[in-house]
Amino acid sequence: MGEFEEHTGDAAPRGNGTDGRHLVAVLALPGFPPFELGIPSRVFGSAVDDDGEELYEVVVCTADGAPVPSDSGFTLQPAAGPEALAAADTVIVPPTHAMPELAAGGPLPSAVAEAIAGIRPGTRLVSICSGSYVLAAAGLLDDRPATTHWNLAEEFRRAYPRVRIDEDVLFVDDGDVLTSAGVSAGVDLCLHLIRRDHGVAVTNRAARMCVVPPWRDGGQAQFIDRPVPEPTVATTTATRAWALERLAEPVSLAELAAHARMSLRTFTRRFRDEVGMTPVQWLTAQRLETARHLLESSDLPVDLVAHRSGFGSANSLRQHMRASLGVSPIAYRRTFQPAAPA
């Protein structure tokens with residue numbers, strides 16, 4: 001799945017916000033697009049525990065505490081200055097359209113460089129879309145995997161040759177530094193962080209409040225130069241819904257194509273155009289998501305989790321989880337249920 005790797009065992013730094021909540025500082029830079037700037041507040045603000053208590057505190061700040069103009073005709077009055085970055089558990093850098101020098105590998109403005117230099121070691125760093133340029137210009141992506149908007153990839157490579165850029169994924173999780181592709185991929189990455197911190201149930205609640213899908217794998221391809229099907233062209237949407245109702249059953253590619261009333265070749269091509277992965281990859285990903293939810297939220301034996309999620313055997317589930325997440329089902333369960341039996 002490209003450079004995507006999930007670090008389920010990494011505990012996120014947390015506790016510097018009000019009432020011990022995880023503090024997320026969002027750095028607003030001159031020329032910011034409002035939609036991307038608002039993603040962290042909307043997504044993390046929707047993450048609550050079983051009692052409805054908010055799990056994150058989100059603060060929008062600027063590098064010097066002064067107002068900054070957006071790219072949409074209004075100016076933002078920030079809630080804080082660089083002190084928020086220094087106190088944060090997670091720092092998120094949305095894109096900016098007002099720093100063209102970064103496209104050529106130029107230096108950060110001094111105030112921005114100083115603010116980023118004040119971030120505590122161990123703080124989780126995140127970029128949305130071309131916010132990756134800011135992290136790269138600060139030297140924080142050197143020799144690391146990262147992504148950005150696919151349309152900027154070649155320019156990015158020329159400007160920052162030490163960064164291992166991959167434009168074929170929605171986001172890259174490299175542990176303490178995470179980067180996402182354009183616009184909606186920022187939503188995917190924020191939901192991924194919530195899931196990494198608190199599990200599937202909290203993430204599903206947050207996604208439901210935001211009315212967005214709770215999960216798109218970071219390794220899923222960006223939608224690059226793909227034509228939108230005409231409304232009269234059949235899609236695979238109904239077949240995907242049909243398959244989701246039968247995850248515990250063996251479902252073959254031929255059965256999926258037959259349900260969609262397409263040939264195998266047409267179905268596979270159309271599925272990949274719409275979803276960004278093959279039908280088999282997608283089905284495996286959905287089964288893994290179901291298994292993760294069962295491991296987090298139930299005490300079912302691993303072999304029963306494997307059966308209900310469609311893997312058939314505990315050994316098959318174990319192999320898929322190790323390949324995708326790098327952990328066994330039991331180790332994964334203990335991440336979210338520390339007292340769970342072996």
# chains A, B, ... in the order shown; residues from 1 in each chain; ligands from 1

call {"tool": "residues_around", "arguments": {"residues": "A:Asp49", "least_positions_apart": "3", "cutoff": "12 Å", "atoms": "only C-alpha atoms", "output": "list in words"}}
result
Arg21, Phe44, Gly45, Ser46, Gly52, Glu53, Glu54, Leu55, Tyr56, Ile194, Asp197, His198, Gly199, Val200, Ala201, Val202, Thr203, Asn204, Arg205 and Ala206 of chain A

call {"tool": "residues_around", "arguments": {"residues": "stretch 66-74 of chain A", "least_positions_apart": "4", "cutoff": "10 Å", "atoms": "only C-alpha atoms", "output": "number ranges by chain"}}
result
A: 28-34, 37, 61-62, 78-81, 96-98

call {"tool": "closest_atom_pairs", "arguments": {"of": "stretch 161-215 of chain A", "to": "stretch 99-117 of chain A", "cutoff": "12 Å", "atoms": "only C-alpha atoms", "output": "JSON lines"}}
result
{"residue": "A:Pro161", "atom": "CA", "partner": "A:Gly105", "partner_atom": "CA", "distance": 9.5}
{"residue": "A:Arg162", "atom": "CA", "partner": "A:Gly105", "partner_atom": "CA", "distance": 11.3}
{"residue": "A:Val163", "atom": "CA", "partner": "A:Gly105", "partner_atom": "CA", "distance": 11.8}

call {"tool": "atom_distance", "arguments": {"atom1": "atom CA of A:Asn315", "atom2": "atom CA of A:Gly276"}}
result
27.9 Å

call {"tool": "closest_residue", "arguments": {"among": "A:Thr18, A:Thr237, A:Ser252, A:Ser130", "to": "A:Arg272", "atoms": "only C-alpha atoms"}}
result
A:Thr237

call {"tool": "closest_residue", "arguments": {"among": "A:Ala306, A:Ala181, A:Val126, A:Ala63", "to": "A:Ala153", "atoms": "only C-alpha atoms"}}
result
A:Ala181

call {"tool": "residues_around", "arguments": {"residues": "A:Ser309", "least_positions_apart": "6", "cutoff": "8 Å", "atoms": "only C-alpha atoms", "output": "count of residues only"}}
result
6
